[in-house]
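Dumped upload11.csv below, it's CSV, C-alpha atoms and all ligand atoms:
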```csv
chain,number,residue,atom,x,y,z
A,1,MET,CA,-3.8,17.5,33.2
A,2,LEU,CA,-1.5,15.8,30.7
A,3,ILE,CA,-2.4,15.3,27.1
A,4,ARG,CA,-0.3,12.5,25.6
A,5,GLN,CA,-0.2,9.8,22.9
A,6,GLU,CA,-2.3,6.7,23.8
A,7,THR,CA,-0.3,3.5,24.4
A,8,PRO,CA,-1.5,-0.1,24.2
A,9,ALA,CA,-1.6,-0.1,28.0
A,10,ASP,CA,-4.4,2.5,27.8
A,11,TYR,CA,-6.6,0.5,25.5
A,12,PRO,CA,-8.9,-1.1,28.2
A,13,ALA,CA,-9.3,2.3,30.0
A,14,VAL,CA,-10.1,4.0,26.7
A,15,TYR,CA,-12.6,1.4,25.7
A,16,SER,CA,-14.5,1.9,29.0
A,17,LEU,CA,-14.2,5.7,28.8
A,18,VAL,CA,-15.6,5.9,25.2
A,19,GLN,CA,-18.5,3.6,26.2
A,20,ARG,CA,-19.3,5.7,29.3
A,21,ALA,CA,-19.0,9.0,27.5
A,22,PHE,CA,-21.4,8.0,24.7
A,23,ALA,CA,-23.9,6.3,27.0
A,24,SER,CA,-25.1,9.8,27.9
A,25,ALA,CA,-24.6,11.4,24.4
A,26,PRO,CA,-27.6,12.8,22.6
A,27,VAL,CA,-26.4,11.4,19.3
A,28,LYS,CA,-24.7,8.0,19.2
A,29,ASP,CA,-24.9,4.5,17.8
A,30,GLY,CA,-23.6,2.8,20.9
A,31,THR,CA,-20.6,1.2,19.1
A,32,GLU,CA,-18.2,4.1,19.3
A,33,GLN,CA,-15.8,2.1,21.6
A,34,ASP,CA,-15.7,-0.6,18.9
A,35,LEU,CA,-15.0,1.9,16.2
A,36,VAL,CA,-11.9,2.9,18.1
A,37,VAL,CA,-10.7,-0.7,18.2
A,38,ALA,CA,-11.4,-1.2,14.5
A,39,LEU,CA,-9.7,2.1,13.5
A,40,ARG,CA,-6.5,1.2,15.5
A,41,LYS,CA,-6.3,-2.0,13.4
A,42,SER,CA,-6.8,-0.2,10.1
A,43,ARG,CA,-4.2,1.4,7.8
A,44,HIS,CA,-5.9,4.7,8.6
A,45,PHE,CA,-4.6,4.7,12.2
A,46,ILE,CA,-2.0,7.3,13.2
A,47,PRO,CA,-0.6,6.5,16.7
A,48,LYS,CA,0.5,10.1,17.2
A,49,LEU,CA,-3.0,11.3,16.6
A,50,SER,CA,-4.7,9.0,19.2
A,51,LEU,CA,-4.5,11.1,22.4
A,52,VAL,CA,-5.5,10.7,26.0
A,53,ALA,CA,-6.1,13.3,28.7
A,54,GLU,CA,-4.7,12.0,31.9
A,55,ASP,CA,-5.1,13.4,35.4
A,56,ASN,CA,-3.4,11.7,38.4
A,57,GLY,CA,-3.1,8.5,36.4
A,58,LYS,CA,-6.8,8.4,35.4
A,59,ILE,CA,-7.8,8.7,31.7
A,60,LEU,CA,-10.5,11.4,31.5
A,61,GLY,CA,-10.6,12.0,27.8
A,62,HIS,CA,-9.7,10.5,24.4
A,63,ILE,CA,-9.6,11.8,20.8
A,64,MET,CA,-8.7,10.0,17.6
A,65,PHE,CA,-7.9,11.4,14.2
A,66,THR,CA,-7.6,8.9,11.3
A,67,THR,CA,-6.8,9.4,7.6
A,68,LEU,CA,-9.3,9.4,4.8
A,69,GLN,CA,-9.5,10.4,1.2
A,70,ILE,CA,-11.3,13.4,-0.1
A,71,GLY,CA,-11.1,13.3,-3.9
A,72,THR,CA,-7.3,13.3,-4.6
A,73,HIS,CA,-6.5,14.7,-1.2
A,74,GLU,CA,-5.5,12.8,2.0
A,75,ALA,CA,-7.2,14.4,5.0
A,76,LEU,CA,-8.2,13.5,8.5
A,77,THR,CA,-11.4,12.8,10.3
A,78,LEU,CA,-11.9,13.5,14.0
A,79,ALA,CA,-13.8,10.6,15.5
A,80,PRO,CA,-14.6,9.8,18.2
A,81,LEU,CA,-14.1,12.4,20.9
A,82,SER,CA,-14.9,11.3,24.5
A,83,VAL,CA,-14.8,13.0,27.9
A,84,ALA,CA,-15.6,11.1,31.1
A,85,PRO,CA,-19.1,11.9,32.5
A,86,GLY,CA,-18.5,14.1,35.6
A,87,HIS,CA,-15.5,15.8,33.9
A,88,GLN,CA,-17.3,17.3,30.9
A,89,ARG,CA,-17.5,21.0,30.3
A,90,GLN,CA,-14.2,21.6,32.0
A,91,GLY,CA,-12.1,22.2,28.8
A,92,ILE,CA,-10.8,18.6,28.4
A,93,GLY,CA,-12.5,18.2,24.9
A,94,GLN,CA,-11.1,21.6,23.8
A,95,ALA,CA,-7.6,20.7,25.0
A,96,LEU,CA,-7.7,17.4,23.1
A,97,ILE,CA,-8.9,19.1,19.9
A,98,ARG,CA,-6.3,21.8,20.1
A,99,GLU,CA,-3.4,19.4,20.8
A,100,GLY,CA,-4.7,17.1,18.0
A,101,HIS,CA,-4.8,20.0,15.5
A,102,ARG,CA,-1.2,21.1,16.5
A,103,ILE,CA,0.2,17.6,15.9
A,104,ALA,CA,-1.9,17.1,12.7
A,105,LYS,CA,-0.5,20.4,11.3
A,106,ALA,CA,3.1,19.4,12.3
A,107,LEU,CA,2.6,16.1,10.4
A,108,GLY,CA,1.6,18.0,7.3
A,109,TYR,CA,-2.2,17.5,7.3
A,110,GLU,CA,-4.3,20.4,6.1
A,111,VAL,CA,-8.0,19.5,6.5
A,112,VAL,CA,-10.0,17.7,9.2
A,113,ILE,CA,-13.6,16.7,8.7
A,114,LEU,CA,-16.1,15.4,11.2
A,115,LEU,CA,-19.8,14.6,11.8
A,116,GLY,CA,-20.9,16.2,15.0
A,117,SER,CA,-22.8,18.8,17.0
A,118,GLU,CA,-23.1,22.2,15.3
A,119,LYS,CA,-23.2,23.7,18.8
A,120,TYR,CA,-19.8,22.3,19.8
A,121,TYR,CA,-17.3,22.1,17.0
A,122,PRO,CA,-17.7,25.6,15.5
A,123,LYS,CA,-16.3,26.9,18.8
A,124,TRP,CA,-13.0,25.4,17.7
A,125,GLY,CA,-13.0,26.7,14.1
A,126,TYR,CA,-15.1,24.0,12.3
A,127,GLN,CA,-17.4,25.2,9.5
A,128,PRO,CA,-19.9,23.4,7.3
A,129,ALA,CA,-17.7,21.2,5.0
A,130,SER,CA,-19.7,22.6,2.1
A,131,THR,CA,-17.8,25.8,2.6
A,132,PHE,CA,-14.8,23.9,1.2
A,133,GLY,CA,-16.8,22.1,-1.5
A,134,ILE,CA,-16.5,18.9,0.6
A,135,ARG,CA,-19.5,16.6,0.4
A,136,ALA,CA,-20.5,13.6,2.5
A,137,PRO,CA,-21.2,10.2,0.8
A,138,PHE,CA,-24.5,10.0,2.6
A,139,PRO,CA,-27.4,12.4,3.3
A,140,VAL,CA,-26.6,14.7,6.3
A,141,ALA,CA,-27.6,18.1,7.5
A,142,ASP,CA,-25.2,20.7,6.2
A,143,GLU,CA,-24.5,22.1,9.7
A,144,ASN,CA,-23.5,18.6,11.1
A,145,PHE,CA,-20.9,17.7,8.5
A,146,MET,CA,-18.0,20.0,9.3
A,147,ALA,CA,-14.4,20.8,8.3
A,148,ILE,CA,-11.5,22.9,9.3
A,149,HIS,CA,-8.4,24.0,7.4
A,150,LEU,CA,-5.6,23.9,9.9
A,151,ASP,CA,-3.9,26.9,8.3
A,152,GLY,CA,-7.2,28.8,8.0
A,153,LYS,CA,-7.0,28.7,4.2
A,154,LYS,CA,-10.2,29.0,2.1
A,155,VAL,CA,-9.6,26.0,-0.1
A,156,ARG,CA,-12.3,24.6,-2.5
A,157,TRP,CA,-11.8,20.9,-3.0
A,158,ASP,CA,-15.1,20.0,-4.7
A,159,ALA,CA,-15.0,16.3,-3.8
A,160,VAL,CA,-16.8,13.6,-1.9
A,161,VAL,CA,-15.3,12.1,1.3
A,162,LYS,CA,-14.5,8.4,1.2
A,163,PHE,CA,-14.7,7.0,4.7
A,164,PRO,CA,-12.6,4.0,5.9
A,165,SER,CA,-14.6,0.8,6.0
A,166,ALA,CA,-14.2,0.7,9.8
A,167,PHE,CA,-16.9,3.4,9.9
A,168,GLY,CA,-19.4,1.0,8.3
A,169,ILE,CA,-20.5,3.7,5.9
A,170,GLU,CA,-21.4,2.9,2.3
A,171,ASN,CA,-19.4,5.4,0.2
A,172,ARG,CA,-21.5,6.8,-2.6
A,173,GLU,CA,-20.5,9.4,-5.1
A,201,LIG,C1,-18.9,16.6,23.6
A,201,LIG,C2,-17.7,16.5,24.5
A,201,LIG,C3,-16.6,15.7,23.8
A,201,LIG,C4,-17.3,17.9,24.9
A,201,LIG,O1,-16.1,17.8,25.7
A,201,LIG,P1,-16.0,18.7,27.0
A,201,LIG,O2,-14.7,18.5,27.6
A,201,LIG,O3,-17.2,18.4,27.8
A,201,LIG,O4,-16.2,20.2,26.4
A,201,LIG,P2,-15.3,21.4,26.6
A,201,LIG,O5,-15.2,21.7,28.1
A,201,LIG,O6,-14.1,21.3,25.8
A,201,LIG,O7,-16.2,22.5,25.9
A,201,LIG,C5,-17.2,23.1,26.6
A,201,LIG,C6,-18.0,24.0,25.7
A,201,LIG,O8,-18.7,23.2,24.8
A,201,LIG,C7,-20.1,23.2,25.0
A,201,LIG,N1,-20.5,21.8,25.0
A,201,LIG,C8,-20.0,20.8,25.8
A,201,LIG,N2,-20.6,19.6,25.4
A,201,LIG,C9,-21.5,19.9,24.4
A,201,LIG,C10,-22.4,19.2,23.7
A,201,LIG,N3,-22.5,17.8,23.8
A,201,LIG,N4,-23.1,19.8,22.8
A,201,LIG,C11,-23.0,21.1,22.6
A,201,LIG,N5,-22.1,21.9,23.3
A,201,LIG,C12,-21.4,21.3,24.2
A,201,LIG,C13,-20.3,23.8,26.4
A,201,LIG,O9,-21.4,24.7,26.3
A,201,LIG,C14,-19.0,24.6,26.6
A,201,LIG,O10,-19.1,25.9,26.1
A,201,LIG,P3,-19.4,27.1,27.2
A,201,LIG,O11,-18.5,26.7,28.4
A,201,LIG,O12,-19.0,28.3,26.5
A,201,LIG,O13,-20.8,26.9,27.5
A,201,LIG,C15,-18.1,15.7,25.8
A,201,LIG,O14,-19.1,16.4,26.5
A,201,LIG,C16,-18.5,14.3,25.6
A,201,LIG,O15,-17.7,13.4,25.7
A,201,LIG,N6,-19.8,14.0,25.4
A,201,LIG,C17,-20.3,12.7,25.2
A,201,LIG,C18,-19.7,12.1,23.9
A,201,LIG,C19,-20.0,12.8,22.6
A,201,LIG,O16,-21.2,13.3,22.4
A,201,LIG,N7,-19.0,13.0,21.8
A,201,LIG,C20,-19.1,13.5,20.4
A,201,LIG,C21,-19.4,14.9,20.3
A,201,LIG,S1,-20.1,15.2,18.6
```

Spit out the file's structure as structure tokens when you get a sec.
Amino acid sequence: MLIRQETPADYPAVYSLVQRAFASAPVKDGTEQDLVVALRKSRHFIPKLSLVAEDNGKILGHIMFTTLQIGTHEALTLAPLSVAPGHQRQGIGQALIREGHRIAKALGYEVVILLGSEKYYPKWGYQPASTFGIRAPFPVADENFMAIHLDGKKVRWDAVVKFPSAFGIENRE
């Protein structure tokens, strides 16, 4: 399986993949495929951090990291992550996360935050964002709002995340 940067030729396959992956997800809003489109058009998009997992010419997974602001710091958010139904639980999600973290670190980013399953992301090093003093701009269970420091540092930022408008989240202090 090859993990590589997404290209415009992949956009239709990625749209369909994200739609199919989230159709069976326990937590979703049904518009994750449109979020990908909106984020690509935004200034928060980093082409090197939109990756696909490809096997024999078929796109089986996709991950996207985009920039956001946490207080005075520029950081990343991981969203969305999608693996094709029928190919889940085979390590594709893990491979995409690990490669994304490697590239993000090489680009100089320190912290990634996300909203997700407390059963999945801690496997790859994510902890409650509150551990770093990072707060969500909306009410959320502490265990579902997570962060990782890519160098494993225990920083304390004491700041609220400001999401890009593509997420449709009202940012409140
Ligand atoms: C969640 C998702 C991205 C995980 O990718 P994946 O390639 O299936 O997962 P991996 O093979 O890398 O990791 C497997 C491990 O994570 C666990 N896991 C997989 N999917 C999980 C889920 N939805 N919730 C909790 N744990 C999960 C498995 O138990 C497994 O651990 P184990 O082998 O020790 O039991 C994928 O299942 C998916 O696309 N789901 C639908 C879309 C979605 O919900 N995305 C957002 C996640 S917040």

Protein and nucleic acid residues within 6 Å of ligand LIG 201 (chain A) (only C-alpha atoms and all ligand atoms) as a PyMOL selection string
chain A and resi 21-22+25+81-83+88-94+116-117+119-120

Have a look at A:Lys48, A:Lys162, A:His149, A:Arg43 and name the one nearest to Pro137 in chain A; count all atoms listed in the file.
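Under the stated criterion, the closest residue is A:Lys162.
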
What is the distance between CA of Gly168 in chain A and CA of Tyr126 in chain A, in Å to one decimal?
23.7 Å

Compile the contact shell of range 1-9 of chain A as a ChimeraX atom specification: residues with an atom at most 6 Å away, counting only C-alpha atoms, same-chain residues fewer than 6 positions apart removed.
/A:48,50-55

Check the smallest atom-to-atom distance from each of A:Ala84, A:Leu39, A:Ile169, A:Ile103 to Gln19 in chain A using all atoms listed in the file, then report the winner.
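Ranking A:Ala84, A:Leu39, A:Ile169, A:Ile103 by distance to Gln19 in chain A, first place goes to A:Ala84.
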
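Between Leu76 in chain A and the candidates A:Ala166, A:Ile97, A:Ala129, A:Val112, the tightest atom-to-atom separation, counting all atoms listed in the file, involves A:Val112.
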
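Shortest separation to Ala106 in chain A among A:Ala159, A:Ile70, A:Leu49, A:Ala38 occurs at residue A:Leu49, atoms counted being only C-alpha atoms.
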
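For the atom pair formed by CA of Phe138 in chain A and CA of Glu32 in chain A, the distance is 18.8 Å, given to one decimal.
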
Separation of CA of Phe132 in chain A from CA of Val160 in chain A, in Å and rounded to one decimal:
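Between CA of Phe132 in chain A and CA of Val160 in chain A the gap is 10.9 Å.
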
Which of these residues is nearest to Lys153 in chain A, using only C-alpha atoms: A:Tyr121, A:Pro139, A:Gly71, A:Glu110?
A:Glu110

For Ile113 in chain A, list every protein, DNA or RNA residue within 10 Å, evaluated using all atoms listed in the file, and leave out those in the same chain fewer than 4 positions away; present the list as a list in words.
Phe65, Leu68, Ile70, Ala75, Leu76, Thr77, Leu78, Ala79, Tyr126, Gln127, Pro128, Ala129, Ile134, Ala136, Phe145, Met146, Ala147, Ile148, His149 and Val161 of chain A

In terms of the shortest atom-to-atom distance over only C-alpha atoms, which of A:Tyr15, A:Phe167, A:Tyr109, A:Trp157 is closest to Gln33 in chain A?
A:Tyr15

Thr31 in chain A environment, 10 Å, all atoms listed in the file, sequence neighbours closer than 3 positions dropped, as a tab-separated table (two decimals) with C-alpha atoms, in the coordinates of the input:
```
chain	number	residue	atom	x	y	z
A	18	VAL	CA	-15.60	5.90	25.20
A	19	GLN	CA	-18.50	3.60	26.20
A	22	PHE	CA	-21.40	8.00	24.70
A	23	ALA	CA	-23.90	6.30	27.00
A	28	LYS	CA	-24.70	8.00	19.20
A	34	ASP	CA	-15.70	-0.60	18.90
A	35	LEU	CA	-15.00	1.90	16.20
A	36	VAL	CA	-11.90	2.90	18.10
```

Completed range 133-144 of chain A (all heavy atoms) as a JSON list (two decimals), in the frame of the given file:
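New file selection39.json:
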```json
[["chain", "number", "residue", "atom", "x", "y", "z"],
["A", 133, "GLY", "N", -16.38, 22.96, -0.36],
["A", 133, "GLY", "CA", -16.80, 22.10, -1.50],
["A", 133, "GLY", "C", -16.63, 20.64, -1.14],
["A", 133, "GLY", "O", -16.55, 19.79, -2.04],
["A", 134, "ILE", "N", -16.61, 20.31, 0.15],
["A", 134, "ILE", "CA", -16.50, 18.90, 0.60],
["A", 134, "ILE", "C", -17.83, 18.34, 0.90],
["A", 134, "ILE", "O", -18.58, 18.93, 1.68],
["A", 134, "ILE", "CB", -15.52, 18.82, 1.81],
["A", 134, "ILE", "CG1", -14.11, 19.30, 1.44],
["A", 134, "ILE", "CG2", -15.49, 17.40, 2.36],
["A", 134, "ILE", "CD1", -13.16, 19.45, 2.63],
["A", 135, "ARG", "N", -18.14, 17.20, 0.27],
["A", 135, "ARG", "CA", -19.50, 16.60, 0.40],
["A", 135, "ARG", "C", -19.40, 15.26, 1.12],
["A", 135, "ARG", "O", -18.41, 14.53, 0.98],
["A", 135, "ARG", "CB", -20.16, 16.46, -0.92],
["A", 135, "ARG", "CG", -20.30, 17.77, -1.68],
["A", 135, "ARG", "CD", -21.14, 17.64, -2.95],
["A", 135, "ARG", "NE", -20.59, 16.72, -3.93],
["A", 135, "ARG", "CZ", -19.59, 17.03, -4.77],
["A", 135, "ARG", "NH1", -19.02, 18.22, -4.73],
["A", 135, "ARG", "NH2", -19.15, 16.14, -5.64],
["A", 136, "ALA", "N", -20.46, 14.92, 1.85],
["A", 136, "ALA", "CA", -20.50, 13.60, 2.50],
["A", 136, "ALA", "C", -21.05, 12.58, 1.52],
["A", 136, "ALA", "O", -21.80, 12.92, 0.60],
["A", 136, "ALA", "CB", -21.51, 13.70, 3.69],
["A", 137, "PRO", "N", -20.68, 11.30, 1.74],
["A", 137, "PRO", "CA", -21.20, 10.20, 0.80],
["A", 137, "PRO", "C", -22.53, 9.71, 1.26],
["A", 137, "PRO", "O", -22.94, 8.65, 0.84],
["A", 137, "PRO", "CB", -20.08, 9.16, 0.99],
["A", 137, "PRO", "CG", -19.58, 9.34, 2.39],
["A", 137, "PRO", "CD", -19.71, 10.79, 2.71],
["A", 138, "PHE", "N", -23.21, 10.45, 2.15],
["A", 138, "PHE", "CA", -24.50, 10.00, 2.60],
["A", 138, "PHE", "C", -25.32, 11.32, 2.93],
["A", 138, "PHE", "O", -24.73, 12.39, 3.08],
["A", 138, "PHE", "CB", -24.41, 9.19, 3.92],
["A", 138, "PHE", "CG", -23.42, 9.77, 4.91],
["A", 138, "PHE", "CD1", -23.77, 10.84, 5.74],
["A", 138, "PHE", "CD2", -22.13, 9.27, 5.01],
["A", 138, "PHE", "CE1", -22.87, 11.38, 6.63],
["A", 138, "PHE", "CE2", -21.21, 9.81, 5.90],
["A", 138, "PHE", "CZ", -21.58, 10.87, 6.71],
["A", 139, "PRO", "N", -26.64, 11.23, 3.04],
["A", 139, "PRO", "CA", -27.40, 12.40, 3.30],
["A", 139, "PRO", "C", -27.17, 12.89, 4.76],
["A", 139, "PRO", "O", -27.22, 12.07, 5.69],
["A", 139, "PRO", "CB", -28.88, 11.97, 3.16],
["A", 139, "PRO", "CG", -28.83, 10.59, 2.61],
["A", 139, "PRO", "CD", -27.48, 10.03, 2.89],
["A", 140, "VAL", "N", -26.89, 14.16, 4.96],
["A", 140, "VAL", "CA", -26.60, 14.70, 6.30],
["A", 140, "VAL", "C", -26.92, 16.18, 6.30],
["A", 140, "VAL", "O", -26.76, 16.84, 5.27],
["A", 140, "VAL", "CB", -25.15, 14.41, 6.71],
["A", 140, "VAL", "CG1", -24.16, 15.04, 5.74],
["A", 140, "VAL", "CG2", -24.85, 14.88, 8.13],
["A", 141, "ALA", "N", -27.38, 16.69, 7.44],
["A", 141, "ALA", "CA", -27.60, 18.10, 7.50],
["A", 141, "ALA", "C", -26.31, 18.88, 7.34],
["A", 141, "ALA", "O", -25.29, 18.48, 7.90],
["A", 141, "ALA", "CB", -28.22, 18.46, 8.91],
["A", 142, "ASP", "N", -26.36, 19.93, 6.54],
["A", 142, "ASP", "CA", -25.20, 20.70, 6.20],
["A", 142, "ASP", "C", -24.40, 21.13, 7.46],
["A", 142, "ASP", "O", -23.17, 21.05, 7.53],
["A", 142, "ASP", "CB", -25.60, 21.94, 5.41],
["A", 142, "ASP", "CG", -24.43, 22.63, 4.73],
["A", 142, "ASP", "OD1", -23.69, 21.94, 4.00],
["A", 142, "ASP", "OD2", -24.24, 23.84, 4.95],
["A", 143, "GLU", "N", -25.13, 21.52, 8.51],
["A", 143, "GLU", "CA", -24.50, 22.10, 9.70],
["A", 143, "GLU", "C", -23.76, 20.99, 10.54],
["A", 143, "GLU", "O", -22.91, 21.32, 11.36],
["A", 143, "GLU", "CB", -25.52, 22.78, 10.58],
["A", 143, "GLU", "CG", -26.65, 21.87, 11.01],
["A", 143, "GLU", "CD", -27.75, 22.60, 11.77],
["A", 143, "GLU", "OE1", -27.72, 23.84, 11.80],
["A", 143, "GLU", "OE2", -28.61, 21.92, 12.35],
["A", 144, "ASN", "N", -24.11, 19.71, 10.33],
["A", 144, "ASN", "CA", -23.50, 18.60, 11.10],
["A", 144, "ASN", "C", -22.27, 18.00, 10.46],
["A", 144, "ASN", "O", -21.55, 17.23, 11.08],
["A", 144, "ASN", "CB", -24.49, 17.55, 11.47],
["A", 144, "ASN", "CG", -25.59, 18.07, 12.34],
["A", 144, "ASN", "OD1", -26.76, 17.92, 12.04],
["A", 144, "ASN", "ND2", -25.23, 18.73, 13.41]]
```
